[in-house]
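Structure file structure25.cif; described as mmCIF, C-alpha atoms and all ligand atoms.
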```cif
data_upload
#
loop_
_atom_site.label_atom_id
_atom_site.label_comp_id
_atom_site.auth_asym_id
_atom_site.auth_seq_id
_atom_site.Cartn_x
_atom_site.Cartn_y
_atom_site.Cartn_z
CA MET A 1 -12.86 0.76 -23.91
CA THR A 2 -10.51 -2.04 -24.99
CA ARG A 3 -8.35 -4.03 -22.61
CA GLY A 4 -4.82 -2.64 -22.34
CA SER A 5 -5.80 0.81 -23.57
CA SER A 6 -4.97 2.34 -20.18
CA LEU A 7 -1.35 3.08 -21.04
CA ASN A 8 -2.30 5.55 -23.71
CA GLU A 9 -4.93 7.14 -21.52
CA ALA A 10 -2.47 7.71 -18.66
CA ALA A 11 -0.14 9.42 -21.11
CA HIS A 12 -2.71 12.26 -21.29
CA VAL A 13 -1.72 13.20 -17.73
CA PRO A 14 1.59 15.05 -18.08
CA THR A 15 2.41 15.70 -14.39
CA VAL A 16 1.34 13.61 -11.41
CA CYS A 17 2.19 14.30 -7.78
CA LEU A 18 2.67 10.96 -6.00
CA ILE A 19 2.24 11.60 -2.29
CA GLY A 20 3.64 8.56 -0.46
CA GLY A 21 5.32 7.68 -3.76
CA SER A 22 8.49 6.51 -2.01
CA GLY A 23 6.70 3.55 -0.39
CA PHE A 24 6.13 -0.02 -1.54
CA VAL A 25 3.12 0.68 -3.77
CA GLY A 26 4.36 4.15 -4.71
CA ARG A 27 7.60 2.86 -6.24
CA HIS A 28 5.63 0.51 -8.50
CA VAL A 29 3.19 3.26 -9.50
CA ALA A 30 6.13 5.58 -10.21
CA ASN A 31 7.85 3.01 -12.41
CA LEU A 32 4.68 2.33 -14.37
CA LEU A 33 3.75 5.98 -14.89
CA CYS A 34 7.30 6.74 -16.04
CA THR A 35 7.06 4.11 -18.74
CA GLN A 36 3.91 5.93 -19.88
CA GLY A 37 5.76 9.24 -20.28
CA VAL A 38 4.26 10.90 -17.21
CA ALA A 39 6.34 13.44 -15.27
CA LEU A 40 6.38 12.80 -11.51
CA ARG A 41 6.72 14.91 -8.40
CA ILE A 42 7.35 12.76 -5.33
CA PRO A 43 7.54 14.36 -1.88
CA THR A 44 9.29 12.49 0.92
CA ARG A 45 10.31 13.21 4.50
CA ARG A 46 13.80 11.78 3.88
CA ARG A 47 15.11 12.25 0.35
CA GLU A 48 18.35 10.42 1.16
CA LEU A 49 16.39 7.23 1.90
CA ALA A 50 13.89 7.59 -0.91
CA LYS A 51 16.13 8.68 -3.72
CA SER A 52 18.05 5.50 -4.63
CA GLU A 53 15.21 3.85 -6.55
CA LEU A 54 13.35 6.96 -7.62
CA ILE A 55 15.89 9.48 -8.88
CA VAL A 56 16.94 7.16 -11.67
CA LEU A 57 13.44 7.48 -13.15
CA PRO A 58 13.11 9.91 -16.05
CA ASN A 59 11.15 13.15 -15.48
CA THR A 60 10.96 12.48 -11.75
CA GLU A 61 11.55 15.02 -9.01
CA VAL A 62 12.06 13.59 -5.52
CA ILE A 63 11.49 16.47 -3.13
CA GLU A 64 12.15 16.54 0.61
CA ALA A 65 9.04 18.20 2.00
CA ASN A 66 6.80 18.46 5.02
CA ILE A 67 3.45 17.52 3.52
CA ASP A 68 1.64 18.40 6.75
CA ASP A 69 2.26 22.04 5.93
CA ALA A 70 -0.66 23.32 3.82
CA GLU A 71 1.47 25.82 1.91
CA VAL A 72 4.11 23.22 1.06
CA LEU A 73 1.39 20.85 -0.10
CA ALA A 74 -0.20 23.54 -2.28
CA ARG A 75 3.17 24.23 -3.96
CA LEU A 76 3.70 20.50 -4.55
CA VAL A 77 0.38 19.94 -6.33
CA ALA A 78 0.38 23.24 -8.26
CA GLY A 79 0.40 22.62 -12.00
CA CYS A 80 -0.24 18.87 -11.66
CA GLU A 81 -2.93 17.17 -13.71
CA ALA A 82 -3.43 14.59 -10.98
CA VAL A 83 -2.52 13.79 -7.39
CA VAL A 84 -2.27 10.25 -6.04
CA ASN A 85 -2.26 9.78 -2.27
CA LEU A 86 -0.51 6.64 -1.06
CA VAL A 87 0.40 7.72 2.45
CA GLY A 88 -0.54 5.17 5.08
CA ILE A 89 0.70 3.63 8.31
CA LEU A 90 -0.06 0.33 10.04
CA HIS A 91 0.99 1.40 13.53
CA GLU A 92 0.91 4.63 15.49
CA LYS A 93 4.19 5.98 16.91
CA SER A 94 2.21 8.53 18.95
CA LYS A 95 -1.45 8.54 19.81
CA GLY A 96 -3.48 10.24 17.09
CA ASP A 97 -1.11 9.30 14.23
CA PHE A 98 -3.80 7.26 12.44
CA ARG A 99 -6.12 10.31 12.40
CA ARG A 100 -3.33 12.68 11.36
CA VAL A 101 -2.05 10.47 8.53
CA HIS A 102 -5.26 8.84 7.25
CA ALA A 103 -7.86 11.60 7.78
CA GLU A 104 -6.25 15.01 8.31
CA LEU A 105 -3.70 14.61 5.52
CA PRO A 106 -6.41 13.70 2.94
CA ARG A 107 -8.35 16.82 4.03
CA LYS A 108 -5.24 18.94 3.45
CA ILE A 109 -4.64 17.26 0.08
CA VAL A 110 -8.23 17.98 -0.96
CA ASP A 111 -7.82 21.64 0.07
CA ALA A 112 -4.56 21.88 -1.89
CA CYS A 113 -6.17 20.33 -5.00
CA ARG A 114 -9.11 22.73 -4.78
CA THR A 115 -6.92 25.78 -4.24
CA LYS A 116 -4.59 24.93 -7.10
CA GLY A 117 -7.28 23.65 -9.48
CA VAL A 118 -5.99 20.07 -9.71
CA PRO A 119 -8.74 18.19 -11.57
CA ARG A 120 -7.97 14.60 -10.51
CA LEU A 121 -7.33 12.92 -7.16
CA VAL A 122 -6.77 9.19 -6.60
CA HIS A 123 -6.64 7.90 -3.05
CA VAL A 124 -5.60 4.52 -1.67
CA SER A 125 -7.58 3.47 1.39
CA ALA A 126 -8.00 -0.09 2.73
CA LEU A 127 -10.53 -2.88 2.43
CA ASN A 128 -13.08 -2.86 5.29
CA ALA A 129 -12.54 0.82 6.13
CA ALA A 130 -15.62 1.73 8.17
CA HIS A 131 -16.64 4.36 10.71
CA ASP A 132 -17.84 1.62 13.08
CA ALA A 133 -14.85 -0.73 12.63
CA SER A 134 -13.31 -2.03 15.83
CA SER A 135 -9.81 -1.02 14.71
CA GLU A 136 -8.70 2.62 14.71
CA TYR A 137 -6.69 1.92 11.53
CA LEU A 138 -9.91 1.09 9.67
CA ARG A 139 -11.94 3.90 11.29
CA SER A 140 -9.30 6.47 10.34
CA LYS A 141 -9.18 5.10 6.78
CA ALA A 142 -12.99 5.58 6.57
CA ALA A 143 -12.62 9.16 7.81
CA GLY A 144 -10.00 9.74 5.07
CA GLU A 145 -12.34 8.40 2.40
CA GLN A 146 -15.03 10.80 3.60
CA GLN A 147 -12.61 13.73 3.17
CA ILE A 148 -11.75 12.60 -0.36
CA ARG A 149 -15.41 12.18 -1.39
CA ALA A 150 -16.12 15.70 -0.15
CA ALA A 151 -13.83 16.99 -2.93
CA GLN A 152 -16.06 15.64 -5.70
CA PRO A 153 -18.74 18.38 -5.75
CA SER A 154 -16.06 21.08 -6.00
CA GLY A 155 -14.86 19.75 -9.35
CA VAL A 156 -11.99 17.46 -8.28
CA GLN A 157 -12.69 14.07 -9.86
CA THR A 158 -11.90 11.43 -7.26
CA THR A 159 -11.33 7.67 -7.25
CA ILE A 160 -10.77 5.61 -4.10
CA PHE A 161 -9.15 2.17 -4.04
CA ARG A 162 -9.59 -0.25 -1.17
CA PRO A 163 -7.04 -3.04 -1.53
CA SER A 164 -6.80 -6.22 0.51
CA VAL A 165 -3.25 -7.04 1.59
CA ILE A 166 -0.73 -6.33 -1.20
CA PHE A 167 2.08 -8.69 -2.22
CA GLY A 168 5.06 -8.15 -4.51
CA ARG A 169 8.86 -8.26 -4.73
CA ASP A 170 9.54 -5.91 -1.79
CA ASP A 171 6.38 -6.54 0.24
CA ALA A 172 6.28 -6.54 4.04
CA PHE A 173 3.93 -9.49 4.03
CA LEU A 174 5.07 -12.78 2.43
CA ASN A 175 8.70 -11.62 2.77
CA LEU A 176 8.13 -11.04 6.48
CA PHE A 177 6.73 -14.55 7.00
CA ALA A 178 9.65 -15.98 5.05
CA ARG A 179 12.15 -14.04 7.18
CA LEU A 180 10.46 -15.10 10.44
CA ALA A 181 10.51 -18.70 9.29
CA ARG A 182 14.25 -18.51 8.80
CA LEU A 183 14.70 -17.39 12.42
CA SER A 184 12.73 -20.11 14.15
CA PRO A 185 11.59 -23.68 13.47
CA VAL A 186 8.34 -22.93 15.35
CA ILE A 187 5.97 -20.09 14.45
CA PRO A 188 3.29 -19.18 17.01
CA LEU A 189 0.69 -17.52 14.78
CA GLY A 190 -2.00 -15.08 15.94
CA CYS A 191 -5.27 -14.79 13.95
CA PRO A 192 -4.50 -18.02 12.03
CA ASN A 193 -7.99 -18.08 10.51
CA ALA A 194 -8.08 -14.44 9.37
CA ARG A 195 -8.91 -14.45 5.66
CA PHE A 196 -7.20 -12.40 2.96
CA GLN A 197 -7.50 -12.03 -0.80
CA PRO A 198 -4.00 -10.75 -1.64
CA ILE A 199 -3.59 -8.47 -4.64
CA TYR A 200 -0.36 -8.10 -6.64
CA VAL A 201 1.34 -4.72 -6.28
CA ASP A 202 1.73 -4.33 -10.05
CA ASP A 203 -2.04 -4.80 -10.39
CA VAL A 204 -2.63 -2.04 -7.82
CA ALA A 205 -0.20 0.18 -9.74
CA ARG A 206 -1.97 -0.67 -12.99
CA ALA A 207 -5.37 0.12 -11.45
CA ILE A 208 -4.10 3.54 -10.36
CA ALA A 209 -2.46 4.34 -13.71
CA THR A 210 -5.48 3.06 -15.62
CA CYS A 211 -8.05 5.07 -13.71
CA LEU A 212 -6.29 8.42 -14.15
CA GLY A 213 -7.76 8.97 -17.59
CA LYS A 214 -10.95 6.88 -17.34
CA PRO A 215 -14.09 8.94 -16.73
CA GLN A 216 -16.01 5.78 -15.79
CA THR A 217 -13.85 5.53 -12.67
CA PHE A 218 -14.57 9.11 -11.52
CA ALA A 219 -16.47 9.51 -8.22
CA ARG A 220 -16.17 5.80 -7.54
CA THR A 221 -14.73 3.50 -4.90
CA PHE A 222 -13.22 0.17 -5.98
CA GLU A 223 -12.27 -2.81 -3.88
CA LEU A 224 -9.08 -4.49 -5.11
CA CYS A 225 -8.53 -8.20 -4.46
CA GLY A 226 -6.66 -11.01 -6.14
CA PRO A 227 -8.35 -14.08 -7.56
CA LYS A 228 -8.13 -16.31 -4.47
CA THR A 229 -8.87 -16.24 -0.73
CA TYR A 230 -6.45 -17.71 1.86
CA ARG A 231 -6.36 -18.10 5.63
CA LEU A 232 -3.37 -16.46 7.29
CA GLN A 233 -2.01 -19.86 8.30
CA GLU A 234 -2.11 -21.01 4.67
CA LEU A 235 -0.18 -17.90 3.60
CA VAL A 236 2.53 -18.43 6.22
CA SER A 237 2.92 -22.06 5.31
CA TYR A 238 2.99 -21.12 1.61
CA ALA A 239 5.83 -18.60 2.21
CA CYS A 240 7.75 -21.27 4.18
CA SER A 241 7.30 -23.87 1.47
CA ILE A 242 8.53 -21.53 -1.29
CA ARG A 243 11.65 -20.92 0.81
CA GLY A 244 12.04 -24.69 1.23
CA LEU A 245 11.54 -24.47 5.02
CA ARG A 246 9.56 -27.05 7.01
CA ARG A 247 8.15 -25.16 9.96
CA LEU A 248 5.76 -25.97 12.77
CA ILE A 249 3.03 -23.34 12.75
CA ILE A 250 1.17 -23.17 16.06
CA PRO A 251 -2.22 -21.48 15.64
CA LEU A 252 -2.90 -19.26 18.67
CA SER A 253 -6.29 -18.94 20.35
CA PRO A 254 -7.94 -15.47 20.40
CA GLY A 255 -6.72 -14.91 23.98
CA MET A 256 -3.14 -15.91 23.16
CA THR A 257 -3.28 -13.78 19.99
CA GLN A 258 -4.13 -10.73 22.13
CA LEU A 259 -1.31 -11.53 24.53
CA GLN A 260 1.19 -11.98 21.70
CA ALA A 261 0.10 -8.67 20.11
CA PHE A 262 0.40 -6.91 23.48
CA PHE A 263 4.03 -8.00 23.78
CA LEU A 264 4.92 -7.39 20.14
CA GLU A 265 3.48 -3.86 20.11
CA HIS A 266 5.94 -2.92 22.86
CA LEU A 267 8.94 -4.18 20.90
CA PRO A 268 10.79 -2.06 18.32
CA GLY A 269 9.38 -2.58 14.84
CA LYS A 270 5.92 -3.47 16.20
CA LEU A 271 5.51 -6.71 14.26
CA MET A 272 1.87 -6.82 15.39
CA THR A 273 -0.38 -4.62 17.53
CA ARG A 274 -3.74 -5.17 19.20
CA ASP A 275 -5.21 -2.75 16.67
CA ASN A 276 -3.88 -4.98 13.86
CA VAL A 277 -5.58 -7.93 15.55
CA ARG A 278 -8.87 -5.99 15.69
CA SER A 279 -8.57 -5.15 11.98
CA MET A 280 -8.13 -8.87 11.19
CA GLN A 281 -11.42 -9.74 12.90
CA VAL A 282 -13.11 -8.81 9.62
CA ASP A 283 -12.11 -10.93 6.61
CA SER A 284 -10.03 -8.88 4.16
CA VAL A 285 -11.89 -10.26 1.14
CA CYS A 286 -13.83 -8.52 -1.62
CA GLY A 287 -17.56 -8.83 -1.78
CA CYS A 288 -17.52 -8.47 -5.58
CA ALA A 289 -15.52 -9.37 -8.70
CA PHE A 290 -12.45 -7.37 -9.78
CA PRO A 291 -13.67 -4.03 -11.19
CA GLU A 292 -14.56 -4.39 -14.86
CA ALA A 293 -13.98 -0.66 -15.41
CA LEU A 294 -10.23 -1.26 -14.98
CA GLY A 295 -10.13 -3.57 -17.99
CA PHE A 296 -7.76 -6.29 -16.77
CA ASP A 297 -7.75 -9.35 -14.52
CA PRO A 298 -5.62 -9.59 -11.36
CA SER A 299 -2.64 -11.96 -11.19
CA ALA A 300 -2.63 -15.14 -9.13
CA MET A 301 -0.27 -15.10 -6.15
CA GLU A 302 1.13 -18.51 -7.16
CA ALA A 303 2.18 -17.10 -10.53
CA VAL A 304 4.23 -14.27 -9.01
CA ALA A 305 5.31 -14.89 -5.40
CA PRO A 306 7.65 -17.87 -6.05
CA LEU A 307 9.68 -15.73 -8.45
CA TYR A 308 10.60 -13.09 -5.88
CA LEU A 309 10.49 -15.16 -2.68
CA ALA A 310 12.99 -17.65 -4.07
CA LYS A 311 15.15 -14.85 -5.50
CA ASN A 312 15.11 -12.94 -2.18
CA ALA A 313 16.15 -16.15 -0.39
CA GLN A 314 19.11 -16.52 -2.74
CA ALA A 315 20.08 -12.85 -2.28
CA SER A 316 20.00 -13.10 1.52
CA ARG A 317 22.05 -16.34 1.37
CA LEU A 318 24.68 -14.56 -0.75
CA ASN A 319 24.68 -11.63 1.70
CA ARG A 320 25.30 -14.01 4.60
CA TYR A 321 28.23 -15.58 2.74
CA ARG A 322 29.63 -12.10 2.01
CA ILE A 323 29.36 -11.07 5.67
CA ARG A 324 31.02 -14.32 6.80
CA ALA A 325 33.82 -13.80 4.25
CA ASN A 326 34.24 -10.16 5.42
CA ARG A 327 33.50 -8.84 1.93
N1 LIG B 1 0.81 -2.67 1.64
C1 LIG B 1 -0.38 -3.20 1.86
O1 LIG B 1 -0.53 -4.44 2.02
C2 LIG B 1 -1.61 -2.33 1.91
C3 LIG B 1 -2.89 -2.92 2.07
C4 LIG B 1 -4.02 -2.12 2.09
C5 LIG B 1 -3.89 -0.73 1.97
N2 LIG B 1 -2.66 -0.18 1.82
C6 LIG B 1 -2.55 1.27 1.69
O2 LIG B 1 -1.86 1.56 0.48
C7 LIG B 1 -1.11 2.77 0.64
C8 LIG B 1 0.34 2.51 0.24
O3 LIG B 1 0.85 1.48 1.08
P1 LIG B 1 2.39 1.07 1.09
O4 LIG B 1 2.44 -0.36 1.49
O5 LIG B 1 3.04 1.50 -0.16
O6 LIG B 1 2.93 1.94 2.31
P2 LIG B 1 4.45 2.25 2.69
O7 LIG B 1 5.40 1.41 1.93
O8 LIG B 1 4.52 2.21 4.18
O9 LIG B 1 4.64 3.74 2.20
C9 LIG B 1 3.91 4.76 2.76
C10 LIG B 1 4.45 6.10 2.31
O10 LIG B 1 3.83 7.07 3.12
C11 LIG B 1 4.79 8.00 3.58
N3 LIG B 1 4.50 8.24 5.01
C12 LIG B 1 4.34 7.32 5.97
N4 LIG B 1 4.05 7.92 7.13
C13 LIG B 1 4.02 9.22 6.88
C14 LIG B 1 3.77 10.37 7.69
N5 LIG B 1 3.53 10.27 9.01
N6 LIG B 1 3.79 11.58 7.13
C15 LIG B 1 4.07 11.68 5.81
N7 LIG B 1 4.33 10.64 4.99
C16 LIG B 1 4.29 9.42 5.53
C17 LIG B 1 6.17 7.42 3.40
O11 LIG B 1 6.98 8.40 2.78
P3 LIG B 1 8.40 8.90 3.33
O12 LIG B 1 8.83 7.99 4.44
O13 LIG B 1 9.32 8.82 2.14
O14 LIG B 1 8.16 10.27 3.76
C18 LIG B 1 5.94 6.26 2.45
O15 LIG B 1 6.40 6.59 1.17
C19 LIG B 1 -1.29 3.20 2.09
O16 LIG B 1 -2.31 4.13 2.18
C20 LIG B 1 -1.71 1.91 2.79
O17 LIG B 1 -2.48 2.14 3.94
C21 LIG B 1 -1.50 -0.94 1.78
#
```
Transcribe the structure of this file into structure tokens.
Amino acid sequence: MTRGSSLNEAAHVPTVCLIGGSGFVGRHVANLLCTQGVALRIPTRRRELAKSELIVLPNTEVIEANIDDAEVLARLVAGCEAVVNLVGILHEKSKGDFRRVHAELPRKIVDACRTKGVPRLVHVSALNAAHDASSEYLRSKAAGEQQIRAAQPSGVQTTIFRPSVIFGRDDAFLNLFARLARLSPVIPLGCPNARFQPIYVDDVARAIATCLGKPQTFARTFELCGPKTYRLQELVSYACSIRGLRRLIIPLSPGMTQLQAFFLEHLPGKLMTRDNVRSMQVDSVCGCAFPEALGFDPSAMEAVAPLYLAKNAQASRLNRYRIRANR
């Protein structure tokens, strides 16, 4: 298999159902698959919110649907050559949401694929997913992986990806740090020593598109990480420096981190929860090199992040001027 041959291979998959395709990663996957001539079916809970970026894509149906309903799900995947599941949450709104979204939904997707004879299922999990993890997020992700693997013997070819934290133009990661830095000259930072190996969103999209037609990725689980490891404090200070902001970052002790998370999880938007803190107790770094089967190397954060962080800063400055000028 030669490097860069993935585009042609993906073109062999005429229709793909992208579940969670309206999200951050999903929009990048959708864009990439469209350039490869793939037709897309993208369910969403709120079409009005999802449609702006997606309906302009050729051969793309954005469908308002309740994917928890088995019959609806079966109709969505019927006739597709592949299903990609990108649905995930970082916080629960109600108790049990992690299980419902990360484990029960994958079971329903597997059932729908089996019933409708869909031959290919790609699932995005998370690095460090484990049944014995201390965070419910990671335990529920492991339960979801188990559901996906159970599909393999019944003829659905599966691939699971476990990314570290994902960065890119519209990420909720470096952009969030940059926004917080704008609000305050001092940043009290929980889990300052948590380690991450961020992966570029276009590389995750490329991994998904590439694997669709690659038999050597069937029945396999791949960890996805970028080329370099960083401590959380380094990432925050990096985002500040790209925005040209000198900020005092105060690393919090484990006790203060818990306290901060306790308060933040009770505020709207849940910037951080105690479950997030538990998930960061394990380094989000890959134990192996980037998967050779995918045929490309991941991009360095320093080569990509300055382009969009600086641009986003300029856009928000212009917005502020517009608001001030009443335009
Ligand atoms: N971003 C990261 O840094 C990162 C890191 C590791 C793993 N992952 C995993 O990668 C996948 C994609 O992440 P992402 O960042 O693209 O997520 P995202 O932007 O939050 O998008 C998630 C998608 O899931 C759908 N969704 C969320 N909650 C749902 C629910 N209760 N029922 C039905 N649909 C729901 C949303 O669709 P609608 O609102 O349109 O219905 C949305 O399109 C997820 O599985 C995530 O856990 C992400």
Show me which residues sit within 6 Å of ligand LIG 1 (chain B) when counting only C-alpha atoms and all ligand atoms, and put them as number ranges by chain.
A: 20-26, 44-46, 50, 86-89, 101, 124-126, 163-166
Just the selected residues (C-alpha atoms), exported as an mmCIF file, in the coordinates of the input, please.
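Result file is part-v8.cif:
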```cif
data_model
loop_
_atom_site.group_PDB
_atom_site.id
_atom_site.type_symbol
_atom_site.label_atom_id
_atom_site.label_comp_id
_atom_site.auth_asym_id
_atom_site.auth_seq_id
_atom_site.Cartn_x
_atom_site.Cartn_y
_atom_site.Cartn_z
ATOM 1 C CA GLY A 20 3.640 8.560 -0.460
ATOM 2 C CA GLY A 21 5.320 7.680 -3.760
ATOM 3 C CA SER A 22 8.490 6.510 -2.010
ATOM 4 C CA GLY A 23 6.700 3.550 -0.390
ATOM 5 C CA PHE A 24 6.130 -0.020 -1.540
ATOM 6 C CA VAL A 25 3.120 0.680 -3.770
ATOM 7 C CA GLY A 26 4.360 4.150 -4.710
ATOM 8 C CA THR A 44 9.290 12.490 0.920
ATOM 9 C CA ARG A 45 10.310 13.210 4.500
ATOM 10 C CA ARG A 46 13.800 11.780 3.880
ATOM 11 C CA ALA A 50 13.890 7.590 -0.910
ATOM 12 C CA LEU A 86 -0.510 6.640 -1.060
ATOM 13 C CA VAL A 87 0.400 7.720 2.450
ATOM 14 C CA GLY A 88 -0.540 5.170 5.080
ATOM 15 C CA ILE A 89 0.700 3.630 8.310
ATOM 16 C CA VAL A 101 -2.050 10.470 8.530
ATOM 17 C CA VAL A 124 -5.600 4.520 -1.670
ATOM 18 C CA SER A 125 -7.580 3.470 1.390
ATOM 19 C CA ALA A 126 -8.000 -0.090 2.730
ATOM 20 C CA PRO A 163 -7.040 -3.040 -1.530
ATOM 21 C CA SER A 164 -6.800 -6.220 0.510
ATOM 22 C CA VAL A 165 -3.250 -7.040 1.590
ATOM 23 C CA ILE A 166 -0.730 -6.330 -1.200
#
```
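Nearest to Thr273 (chain A) of all the residues A:Cys191, A:Ala300, A:Ala65, A:Ala205 is A:Cys191, based on all atoms listed in the file.
Near (-15.0, 15.9, 1.9), the residues that fall inside 12 Å on the basis of all atoms listed in the file are Ala103, Glu104, Leu105, Pro106, Arg107, Lys108, Ile109, Val110, Asp111, Arg114, Ala142, Ala143, Gly144, Glu145, Gln146, Gln147, Ile148, Arg149, Ala150, Ala151, Gln152, Pro153, Ser154, Gly155, Val156 and Thr158 of chain A.
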Prev. selection, C-alpha atoms, output as a CSV table (one decimal), keeping the file's coordinate frame:
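And here's selection_14.csv as it stands now:
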```csv
chain,number,residue,atom,x,y,z
A,103,ALA,CA,-7.9,11.6,7.8
A,104,GLU,CA,-6.2,15.0,8.3
A,105,LEU,CA,-3.7,14.6,5.5
A,106,PRO,CA,-6.4,13.7,2.9
A,107,ARG,CA,-8.4,16.8,4.0
A,108,LYS,CA,-5.2,18.9,3.4
A,109,ILE,CA,-4.6,17.3,0.1
A,110,VAL,CA,-8.2,18.0,-1.0
A,111,ASP,CA,-7.8,21.6,0.1
A,114,ARG,CA,-9.1,22.7,-4.8
A,142,ALA,CA,-13.0,5.6,6.6
A,143,ALA,CA,-12.6,9.2,7.8
A,144,GLY,CA,-10.0,9.7,5.1
A,145,GLU,CA,-12.3,8.4,2.4
A,146,GLN,CA,-15.0,10.8,3.6
A,147,GLN,CA,-12.6,13.7,3.2
A,148,ILE,CA,-11.8,12.6,-0.4
A,149,ARG,CA,-15.4,12.2,-1.4
A,150,ALA,CA,-16.1,15.7,-0.2
A,151,ALA,CA,-13.8,17.0,-2.9
A,152,GLN,CA,-16.1,15.6,-5.7
A,153,PRO,CA,-18.7,18.4,-5.8
A,154,SER,CA,-16.1,21.1,-6.0
A,155,GLY,CA,-14.9,19.8,-9.4
A,156,VAL,CA,-12.0,17.5,-8.3
A,158,THR,CA,-11.9,11.4,-7.3
```
Mind listing whatever residues come within 7 Å of the point (1.0, -7.7, -13.0)? Use only C-alpha atoms, file coordinates, and give them as a CSV table (one decimal) with C-alpha atoms, in the coordinates of the input.
```
chain,number,residue,atom,x,y,z
A,200,TYR,CA,-0.4,-8.1,-6.6
A,202,ASP,CA,1.7,-4.3,-10.0
A,203,ASP,CA,-2.0,-4.8,-10.4
A,299,SER,CA,-2.6,-12.0,-11.2
```
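Every protein, DNA or RNA residue with an atom at most 12 Å from Ser241 (chain A), where all atoms listed in the file count and chain neighbours fewer than 2 positions away do not, is listed here: A:Leu174, A:Phe177, A:Ala178, A:Ala181, A:Arg182, A:Glu234, A:Leu235, A:Val236, A:Ser237, A:Tyr238, A:Ala239, A:Arg243, A:Gly244, A:Leu245, A:Arg246, A:Arg247, A:Leu248, A:Glu302, A:Ala305, A:Pro306, A:Leu309, A:Ala310, A:Ala313.
Across A:Ile242, A:Leu189, A:Met301, A:Phe296, the tightest approach to Ala261 (chain A) is made by A:Leu189 when counting all atoms listed in the file.
Taking all atoms listed in the file into account, Ser284 (chain A) lies nearest to A:Arg162 out of the set A:Ile187, A:Lys93, A:Leu176, A:Arg162.
Going from CA of Asn175 (chain A) over to CA of Tyr308 (chain A), you cover 9.0 Å.
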Just the residues within 12 Å of Thr15 (chain A), please, counting all atoms listed in the file, with nothing from its chain fewer than 6 positions along; format it as a PyMOL selection string.
chain A and resi 30+33-34+36-42+59-61+76-84+118-120+212
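CA of Met272 (chain A) is positioned 13.7 Å from CA of Leu252 (chain A).
Using only C-alpha atoms, the shortest contact distance between His91 (chain A) and any of A:Ile55, A:Leu49, A:Ala303, A:Val277 is found at A:Val277.
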Give me, as JSON, numbers by chain, all polymer residues having an atom no more than 8 Å from Ser135 (chain A), counting only C-alpha atoms and skipping those fewer than 2 positions away in the same chain.
{"A": [133, 137, 138, 139, 275, 276, 278, 279]}
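Straight-line separation from CA of Ala130 (chain A) to CA of His102 (chain A): 12.6 Å.
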